[in-house]
file final.cif (mmCIF, C-alpha atoms)
data_upload
#
loop_
_atom_site.label_atom_id
_atom_site.label_comp_id
_atom_site.auth_asym_id
_atom_site.auth_seq_id
_atom_site.Cartn_x
_atom_site.Cartn_y
_atom_site.Cartn_z
CA MET R 1 223.50 187.78 284.82
CA ALA R 2 221.65 188.12 288.12
CA ASP R 3 220.85 184.41 288.30
CA VAL R 4 222.93 182.82 291.07
CA ASN R 5 223.29 179.53 289.19
CA ASP R 6 224.49 181.33 286.07
CA THR R 7 227.05 183.26 288.12
CA GLN R 8 228.33 180.02 289.64
CA MET R 9 228.53 178.36 286.23
CA LEU R 10 230.40 181.34 284.78
CA GLU R 11 232.91 181.14 287.60
CA LYS R 12 233.26 177.42 286.99
CA LEU R 13 233.91 178.05 283.29
CA ARG R 14 236.62 180.63 284.06
CA GLU R 15 238.35 178.26 286.47
CA ALA R 16 238.03 175.40 284.00
CA HIS R 17 239.55 177.58 281.28
CA GLN R 18 242.75 178.05 283.29
CA ARG R 19 242.92 174.36 284.17
CA LEU R 20 242.32 173.38 280.53
CA ARG R 21 245.20 175.59 279.44
CA LYS R 22 247.40 173.92 282.03
CA GLU R 23 246.40 170.36 281.09
CA VAL R 24 246.66 170.86 277.32
CA GLY R 25 249.91 172.78 277.90
CA LYS R 26 251.48 169.59 279.26
CA ILE R 27 251.62 168.33 275.67
CA ILE R 28 250.96 171.34 273.41
CA ILE R 29 253.52 174.13 273.80
CA GLY R 30 252.21 177.61 273.01
CA GLN R 31 249.17 178.04 270.72
CA GLU R 32 247.09 179.52 273.58
CA GLN R 33 245.04 181.63 271.16
CA VAL R 34 244.24 178.58 269.02
CA LEU R 35 243.17 176.65 272.11
CA ASP R 36 240.95 179.53 273.27
CA GLN R 37 239.27 179.72 269.87
CA LEU R 38 238.62 175.97 269.91
CA LEU R 39 237.07 176.30 273.37
CA MET R 40 234.91 179.22 272.24
CA ALA R 41 233.61 177.15 269.32
CA ILE R 42 232.73 174.32 271.72
CA PHE R 43 231.01 176.62 274.21
CA CYS R 44 229.05 178.15 271.30
CA ARG R 45 227.92 174.66 270.17
CA SER R 46 229.61 175.18 266.83
CA HIS R 47 232.36 173.77 264.63
CA ALA R 48 235.80 175.07 263.64
CA LEU R 49 238.19 174.74 260.72
CA LEU R 50 241.94 174.81 261.43
CA MET R 51 244.29 176.03 258.71
CA GLY R 52 248.02 175.40 258.97
CA VAL R 53 250.97 173.69 257.34
CA PRO R 54 251.76 170.07 258.31
CA GLY R 55 253.68 169.41 261.51
CA LEU R 56 252.07 172.04 263.76
CA ALA R 57 250.41 169.44 266.03
CA LYS R 58 246.84 170.27 264.98
CA THR R 59 245.74 166.64 265.39
CA LEU R 60 247.56 166.28 268.70
CA MET R 61 245.97 169.47 270.02
CA VAL R 62 242.44 168.30 269.21
CA SER R 63 242.96 164.82 270.70
CA THR R 64 244.55 166.33 273.84
CA LEU R 65 241.63 168.75 274.17
CA ALA R 66 239.20 165.82 273.90
CA GLN R 67 241.02 164.07 276.77
CA SER R 68 240.86 167.18 278.96
CA LEU R 69 237.12 167.48 278.24
CA ASP R 70 236.54 163.77 278.95
CA MET R 71 234.69 163.23 275.67
CA SER R 72 234.90 160.53 273.02
CA PHE R 73 237.18 161.36 270.10
CA LYS R 74 237.43 160.03 266.55
CA ARG R 75 239.79 161.03 263.77
CA ILE R 76 238.81 160.68 260.11
CA GLN R 77 241.65 160.89 257.61
CA PHE R 78 240.08 162.27 254.45
CA THR R 79 241.34 160.75 251.20
CA PRO R 80 240.12 160.87 247.56
CA ASP R 81 238.59 157.38 247.84
CA LEU R 82 236.70 157.99 251.11
CA MET R 83 232.98 157.25 250.76
CA PRO R 84 230.11 158.90 252.67
CA SER R 85 229.31 155.58 254.38
CA ASP R 86 232.89 155.47 255.70
CA ILE R 87 231.96 158.53 257.77
CA THR R 88 228.31 158.01 258.69
CA GLY R 89 228.21 154.22 258.92
CA THR R 90 226.21 151.61 257.08
CA GLU R 91 223.55 148.92 257.50
CA VAL R 92 224.51 145.25 257.32
CA ILE R 93 222.39 142.10 257.31
CA GLN R 94 222.82 139.97 260.41
CA ASP R 95 221.20 136.75 261.67
CA ASP R 96 219.27 137.11 264.91
CA PRO R 97 220.49 134.24 267.17
CA VAL R 98 217.08 134.03 268.90
CA THR R 99 214.56 134.35 266.07
CA LYS R 100 216.90 132.97 263.39
CA GLN R 101 215.62 135.79 261.19
CA ARG R 102 217.80 138.07 259.13
CA ALA R 103 217.55 141.80 259.80
CA PHE R 104 219.42 144.99 259.05
CA LYS R 105 221.67 146.35 261.77
CA PHE R 106 223.19 149.81 261.75
CA LEU R 107 226.93 150.00 262.32
CA PRO R 108 227.75 153.62 263.25
CA GLY R 109 230.69 155.36 261.62
CA PRO R 110 233.32 157.58 263.25
CA ILE R 111 231.04 160.64 263.00
CA PHE R 112 229.21 159.31 266.08
CA ALA R 113 231.64 160.72 268.64
CA ASN R 114 231.61 163.85 270.80
CA ILE R 115 234.62 165.40 269.07
CA VAL R 116 235.35 164.46 265.46
CA LEU R 117 238.57 165.52 263.79
CA ALA R 118 238.11 165.71 260.02
CA ASP R 119 241.74 165.67 258.90
CA GLU R 120 242.50 167.33 255.55
CA ILE R 121 238.85 167.80 254.66
CA ASN R 122 239.80 169.29 251.28
CA ARG R 123 241.34 166.02 250.07
CA THR R 124 238.02 164.19 249.64
CA PRO R 125 235.40 164.65 246.86
CA PRO R 126 232.34 166.91 247.32
CA LYS R 127 229.93 164.01 247.90
CA THR R 128 231.83 162.86 250.98
CA GLN R 129 232.34 166.44 252.17
CA ALA R 130 228.58 166.95 251.89
CA ALA R 131 227.88 163.90 254.08
CA LEU R 132 230.05 165.36 256.83
CA LEU R 133 228.63 168.86 256.51
CA GLU R 134 225.06 167.56 256.57
CA SER R 135 225.78 165.75 259.82
CA MET R 136 227.34 168.94 261.22
CA GLN R 137 224.31 171.02 260.34
CA GLU R 138 221.51 168.58 261.15
CA ARG R 139 223.33 166.81 264.01
CA LYS R 140 222.11 163.50 262.65
CA ALA R 141 222.86 161.03 259.87
CA SER R 142 220.18 159.50 257.69
CA ILE R 143 220.93 155.89 256.69
CA GLY R 144 218.37 153.71 254.98
CA GLY R 145 215.66 156.30 255.57
CA ILE R 146 216.23 156.28 259.35
CA ASP R 147 217.66 159.25 261.24
CA HIS R 148 220.42 158.51 263.72
CA PRO R 149 221.10 161.45 266.08
CA MET R 150 224.65 162.42 267.02
CA LYS R 151 225.97 162.20 270.53
CA ASP R 152 225.60 165.43 272.46
CA PRO R 153 227.86 167.38 272.84
CA PHE R 154 228.96 167.07 269.20
CA PHE R 155 231.70 169.07 267.50
CA VAL R 156 233.54 168.76 264.22
CA LEU R 157 237.03 170.25 264.12
CA ALA R 158 238.34 170.03 260.58
CA THR R 159 241.85 170.70 259.27
CA GLN R 160 242.87 171.99 255.87
CA ASN R 161 246.36 172.07 254.41
CA PRO R 162 246.96 175.39 252.63
CA ILE R 163 250.03 174.33 250.62
CA GLU R 164 248.81 171.24 248.77
CA GLN R 165 246.51 172.17 245.88
CA GLU R 166 246.87 169.23 243.48
CA GLY R 167 244.27 166.55 244.03
CA THR R 168 242.26 168.65 246.48
CA TYR R 169 238.62 169.67 246.51
CA PRO R 170 238.31 173.11 248.15
CA LEU R 171 235.18 173.58 250.24
CA PRO R 172 232.58 175.83 248.57
CA GLU R 173 231.96 179.14 250.32
CA ALA R 174 228.42 178.09 251.31
CA GLN R 175 229.84 175.07 253.12
CA LEU R 176 232.68 177.02 254.72
CA ASP R 177 229.97 179.22 256.24
CA ARG R 178 228.91 176.25 258.41
CA PHE R 179 232.08 176.66 260.47
CA LEU R 180 232.00 179.25 263.24
CA PHE R 181 235.75 179.88 263.03
CA LEU R 182 238.55 179.56 260.51
CA ILE R 183 241.51 179.30 262.89
CA LYS R 184 245.02 180.01 261.63
CA VAL R 185 247.68 177.82 263.24
CA ASP R 186 251.05 179.56 262.96
CA TYR R 187 254.63 178.43 263.56
CA PRO R 188 255.84 178.38 267.19
CA SER R 189 258.31 180.94 268.51
CA ALA R 190 262.00 180.00 268.77
CA ASP R 191 261.75 179.26 272.50
CA GLU R 192 258.55 177.26 272.03
CA GLU R 193 260.10 175.21 269.22
CA GLU R 194 263.10 174.30 271.39
CA GLN R 195 260.75 173.27 274.20
CA ILE R 196 258.75 171.14 271.75
CA MET R 197 261.96 169.44 270.59
CA ARG R 198 262.99 168.59 274.16
CA ILE R 199 259.57 167.24 275.19
CA GLN R 200 258.79 165.26 272.05
CA THR R 201 262.20 163.55 271.91
CA SER R 202 262.19 162.39 275.54
CA ASP R 203 260.76 159.16 276.94
CA THR R 204 258.52 160.91 279.46
CA LYS R 205 254.86 159.86 279.29
CA THR R 206 252.49 162.75 280.01
CA VAL R 207 249.00 162.12 281.39
CA VAL R 208 246.22 164.65 280.74
CA SER R 209 243.53 164.85 283.42
CA PRO R 210 239.89 165.60 282.55
CA VAL R 211 238.72 169.07 283.57
CA LEU R 212 235.15 169.20 282.23
CA HIS R 213 232.65 166.51 281.27
CA GLY R 214 229.91 166.32 278.65
CA ASP R 215 227.14 167.41 281.01
CA ASP R 216 229.23 170.42 282.08
CA ILE R 217 229.64 171.46 278.45
CA LEU R 218 225.90 171.27 277.79
CA LEU R 219 225.15 173.47 280.80
CA LEU R 220 227.85 175.99 279.91
CA GLN R 221 226.53 176.27 276.35
CA LYS R 222 223.20 177.45 277.76
CA VAL R 223 224.86 179.90 280.14
CA VAL R 224 226.94 181.45 277.33
CA ARG R 225 223.78 182.27 275.40
CA ARG R 226 222.38 184.09 278.42
CA VAL R 227 225.28 186.57 278.62
CA PRO R 228 223.78 190.07 278.19
CA VAL R 229 224.59 192.18 275.12
CA SER R 230 223.81 195.91 274.85
CA ASP R 231 222.04 197.45 271.87
CA LEU R 232 225.27 199.29 271.04
CA MET R 233 227.19 196.02 270.68
CA PHE R 234 224.51 194.58 268.39
CA GLN R 235 224.82 197.70 266.24
CA PHE R 236 228.63 197.48 266.23
CA ALA R 237 228.60 193.84 265.05
CA LYS R 238 225.97 194.66 262.43
CA ARG R 239 228.02 197.62 261.20
CA ILE R 240 231.11 195.44 260.67
CA THR R 241 229.30 192.91 258.49
CA ARG R 242 227.28 195.47 256.52
CA LEU R 243 230.47 197.40 255.71
CA SER R 244 231.85 194.20 254.14
CA ARG R 245 229.21 193.78 251.40
CA PRO R 246 230.39 195.15 248.04
CA GLY R 247 227.83 196.86 245.86
CA THR R 248 225.60 197.88 248.76
CA PRO R 249 225.02 201.47 249.97
CA GLU R 250 226.82 200.78 253.26
CA ALA R 251 229.93 199.14 251.73
CA ALA R 252 233.29 200.76 252.47
CA ASP R 253 235.24 202.04 249.46
CA PHE R 254 238.06 199.51 249.97
CA VAL R 255 235.45 196.72 250.11
CA ASN R 256 234.14 197.63 246.65
CA LYS R 257 237.74 197.61 245.45
CA TRP R 258 238.97 194.36 246.99
CA LEU R 259 236.01 192.05 247.68
CA THR R 260 233.74 190.02 245.44
CA TRP R 261 231.48 188.92 248.28
CA GLY R 262 230.97 189.99 251.88
CA ALA R 263 229.73 188.45 255.11
CA GLY R 264 226.09 187.41 255.49
CA PRO R 265 223.72 187.53 258.48
CA ARG R 266 225.20 184.32 259.93
CA ALA R 267 228.44 186.23 260.44
CA SER R 268 226.59 188.93 262.38
CA MET R 269 224.99 186.34 264.65
CA ASN R 270 228.28 184.52 265.15
CA LEU R 271 230.10 187.75 266.06
CA ILE R 272 227.69 188.20 268.97
CA LEU R 273 227.66 184.55 270.03
CA ALA R 274 231.45 184.14 269.95
CA ALA R 275 231.90 187.50 271.72
CA LYS R 276 229.74 186.13 274.56
CA ALA R 277 232.09 183.15 274.95
CA HIS R 278 235.15 185.38 274.68
CA CYS R 279 233.99 187.77 277.39
CA ILE R 280 233.54 184.85 279.80
CA LEU R 281 237.00 183.46 279.10
CA ARG R 282 238.53 186.87 279.83
CA GLY R 283 236.64 187.07 283.14
CA SER R 284 233.75 189.40 282.31
CA ASN R 285 229.99 188.88 282.31
CA HIS R 286 228.95 191.30 279.56
CA VAL R 287 230.05 191.76 275.95
CA SER R 288 232.25 194.72 275.03
CA GLY R 289 233.55 196.01 271.71
CA ASP R 290 236.92 194.38 272.50
CA ASP R 291 235.23 190.97 272.60
CA ILE R 292 233.72 191.49 269.15
CA VAL R 293 237.05 192.70 267.76
CA ALA R 294 238.84 189.67 269.27
CA VAL R 295 236.64 187.13 267.45
CA ALA R 296 236.18 189.04 264.17
CA ALA R 297 239.15 187.61 262.26
CA PRO R 298 238.40 183.86 262.69
CA ILE R 299 234.71 184.52 262.00
CA LEU R 300 235.15 186.68 258.89
CA ARG R 301 238.26 185.33 257.13
CA HIS R 302 236.40 182.44 255.43
CA ARG R 303 233.33 184.56 254.64
CA LEU R 304 234.99 187.39 252.70
CA ILE R 305 235.80 186.54 249.09
CA MET R 306 238.79 188.46 247.72
CA ASN R 307 238.92 189.56 244.07
CA PHE R 308 241.79 189.65 241.60
CA THR R 309 242.61 193.30 242.38
CA ALA R 310 243.27 192.45 246.03
CA GLN R 311 245.40 189.46 245.10
CA SER R 312 247.44 191.47 242.60
CA GLU R 313 248.07 194.16 245.22
CA GLY R 314 249.10 191.62 247.86
CA ILE R 315 246.12 192.40 250.10
CA THR R 316 245.17 189.55 252.44
CA VAL R 317 241.77 188.86 253.96
CA ASP R 318 243.17 189.70 257.39
CA ASP R 319 244.23 193.10 256.04
CA VAL R 320 240.64 193.75 254.96
CA ILE R 321 239.29 192.64 258.34
CA LYS R 322 241.60 195.07 260.16
CA LYS R 323 240.35 197.92 257.97
CA LEU R 324 236.73 196.88 258.54
CA LEU R 325 237.21 196.93 262.31
CA LYS R 326 239.02 200.25 262.18
CA THR R 327 236.29 201.81 260.00
CA ALA R 328 233.45 200.48 262.16
CA ALA R 329 235.14 201.64 265.36
CA LYS R 330 235.69 205.13 263.87
CA ASP R 331 232.01 205.33 262.91
CA PHE R 332 230.97 204.61 266.50
CA ALA R 333 233.60 206.87 268.00
CA GLY R 334 232.44 209.71 265.78
#
call {"tool": "encode", "arguments": {"input": "final.cif", "output": "C-alpha cells"}}
result
Amino acid sequence: MADVNDTQMLEKLREAHQRLRKEVGKIIIGQEQVLDQLLMAIFCRSHALLMGVPGLAKTLMVSTLAQSLDMSFKRIQFTPDLMPSDITGTEVIQDDPVTKQRAFKFLPGPIFANIVLADEINRTPPKTQAALLESMQERKASIGGIDHPMKDPFFVLATQNPIEQEGTYPLPEAQLDRFLFLIKVDYPSADEEEQIMRIQTSDTKTVVSPVLHGDDILLLQKVVRRVPVSDLMFQFAKRITRLSRPGTPEAADFVNKWLTWGAGPRASMNLILAAKAHCILRGSNHVSGDDIVAVAAPILRHRLIMNFTAQSEGITVDDVIKKLLKTAAKDFAG
C-alpha cells in the first residue's frame, strides 16, 4: 500500500468506521459486530443476509446505516403474493402531451435504490426471489427486453426469520451463495436491553448525521481490493475451504461425517476479499490469519450443508466452522 492516495483513503475509512459506529449507536444499542459485518459487505461491493428472530431491530439498523451513508433506501416486505414486477418495476402506456402519441414508460420499482432491504425474503415464491437475485447478480433489471442498470453503489441486505417455517420458501443453496455473509443477529445483553427500553419509550427524536457518501463508497471499494495479501494467506484460505468438501482427498474426517456439501471456490475468494475489508477496519493495511478467521463464520455458515448425522448429534454449522479453522491453523502451525 505504498500509494499515497490509497493510504489517505484507508485512513479516511478507519476514521469513518468509528464515526459510523457512533452515529448508528445513537439509535441501535450494541450489535457492533453485526454493523461491522454489514460495512464489510458494503466495502466489498457485495450483499448480506441477516438471520434473527423478530424484534431485534434488523430493519431499523439497515435504515439507520443508510442514513449514515447518505444513500437512498427502500424496504421491500416480501409476501406470498408479491410479484417480480413489484420489485423491478413495470412499463405502462402513457400519452405524450407534445406528440399526442402513446408510448411505453418504465416505472422503476423499489430495487432501484442504493440500499435495498429485502424483508423476510423466504416468505415469497421462488419466481419473485429469482427476480431479486438476478438483479443482485447482474446489477440490472430487464423489463420489456430493455436493461435498466441499478444505481451505484447498490447493495441488497435481506432478512430471514428462522422460526417461521409454514408458508415459507427457503432459498436454494445456489442462491444463498450469492450473499457474501450470512449474519446472525443475536439477543442483546441485559444492560443493552434496558438501554433499548429507555431510549425507545422516550419522546426524544434522534438525528443521524451522514458520515460517508456514495462517491466515497465507490472509491473505498477500489482501495479495499488493493490491500496486499501474502501467498501464505491465500494458502490458508484455500486450505479452509478444501477441508470442508466431503468425499475429496483433502476433506477432514469430521467433514465426511457431518457434511453433505462443502464450500466452493466463491467461498475461497470471499474469505480473501472480506479479510481485506476486516483488516482495514481493525487498523491494519495487510491481511493476517486473524482477519480470515474473523470473517470465516458469516462466509461459510450458509455454504456448508449439514447432514442428518450432524443434526442428530446436535452439531451446528458454527461448530463445524470452528473445527475447520482449528484444523487449518494446526496444519499451518505444523
call {"tool": "closest_residue", "arguments": {"input": "final.cif", "among": "R:Lys105, R:Lys100, R:Arg225, R:Lys257", "to": "Ala274 of chain R", "atoms": "all atoms listed in the file"}}
result
R:Arg225
call {"tool": "closest_residue", "arguments": {"input": "final.cif", "among": "R:Arg178, R:Arg75, R:Lys205, R:His302", "to": "Met136 of chain R", "atoms": "all atoms listed in the file"}}
result
R:Arg178
call {"tool": "resolve_selection", "arguments": {"input": "final.cif", "expression": "the PyMOL selection byres ((chain R and resi 266) around 10)", "output": "JSON list (two decimals) with C-alpha atoms, in the frame of the given file"}}
result
[["chain", "number", "residue", "atom", "x", "y", "z"],
["R", 177, "ASP", "CA", 229.97, 179.22, 256.24],
["R", 178, "ARG", "CA", 228.91, 176.25, 258.41],
["R", 180, "LEU", "CA", 232.00, 179.25, 263.24],
["R", 241, "THR", "CA", 229.30, 192.91, 258.49],
["R", 263, "ALA", "CA", 229.73, 188.45, 255.11],
["R", 264, "GLY", "CA", 226.09, 187.41, 255.49],
["R", 265, "PRO", "CA", 223.72, 187.53, 258.48],
["R", 267, "ALA", "CA", 228.44, 186.23, 260.44],
["R", 268, "SER", "CA", 226.59, 188.93, 262.38],
["R", 269, "MET", "CA", 224.99, 186.34, 264.65],
["R", 270, "ASN", "CA", 228.28, 184.52, 265.15],
["R", 271, "LEU", "CA", 230.10, 187.75, 266.06],
["R", 299, "ILE", "CA", 234.71, 184.52, 262.00],
["R", 303, "ARG", "CA", 233.33, 184.56, 254.64]]
call {"tool": "closest_residue", "arguments": {"input": "final.cif", "among": "R:Ala113, R:Val62, R:Leu69, R:Ala130", "to": "Ile217 of chain R", "atoms": "all atoms listed in the file"}}
result
R:Leu69
call {"tool": "resolve_selection", "arguments": {"input": "final.cif", "expression": "the PyMOL selection byres ((chain R and resi 309) around 12)", "output": "PDB file with C-alpha atoms, in the coordinates of the input"}}
result
ATOM      1  CA  PHE R 254     238.060 199.510 249.970  1.00  0.00           C
ATOM      2  CA  VAL R 255     235.450 196.720 250.110  1.00  0.00           C
ATOM      3  CA  ASN R 256     234.140 197.630 246.650  1.00  0.00           C
ATOM      4  CA  LYS R 257     237.740 197.610 245.450  1.00  0.00           C
ATOM      5  CA  TRP R 258     238.970 194.360 246.990  1.00  0.00           C
ATOM      6  CA  LEU R 259     236.010 192.050 247.680  1.00  0.00           C
ATOM      7  CA  THR R 260     233.740 190.020 245.440  1.00  0.00           C
ATOM      8  CA  ILE R 305     235.800 186.540 249.090  1.00  0.00           C
ATOM      9  CA  MET R 306     238.790 188.460 247.720  1.00  0.00           C
ATOM     10  CA  ASN R 307     238.920 189.560 244.070  1.00  0.00           C
ATOM     11  CA  PHE R 308     241.790 189.650 241.600  1.00  0.00           C
ATOM     12  CA  ALA R 310     243.270 192.450 246.030  1.00  0.00           C
ATOM     13  CA  GLN R 311     245.400 189.460 245.100  1.00  0.00           C
ATOM     14  CA  SER R 312     247.440 191.470 242.600  1.00  0.00           C
ATOM     15  CA  GLU R 313     248.070 194.160 245.220  1.00  0.00           C
ATOM     16  CA  GLY R 314     249.100 191.620 247.860  1.00  0.00           C
ATOM     17  CA  ILE R 315     246.120 192.400 250.100  1.00  0.00           C
ATOM     18  CA  THR R 316     245.170 189.550 252.440  1.00  0.00           C
TER      19      THR R 316
END
call {"tool": "closest_residue", "arguments": {"input": "final.cif", "among": "R:Leu132, R:Ala252, R:Val223, R:Val185", "to": "Val53 of chain R", "atoms": "only C-alpha atoms"}}
result
R:Val185
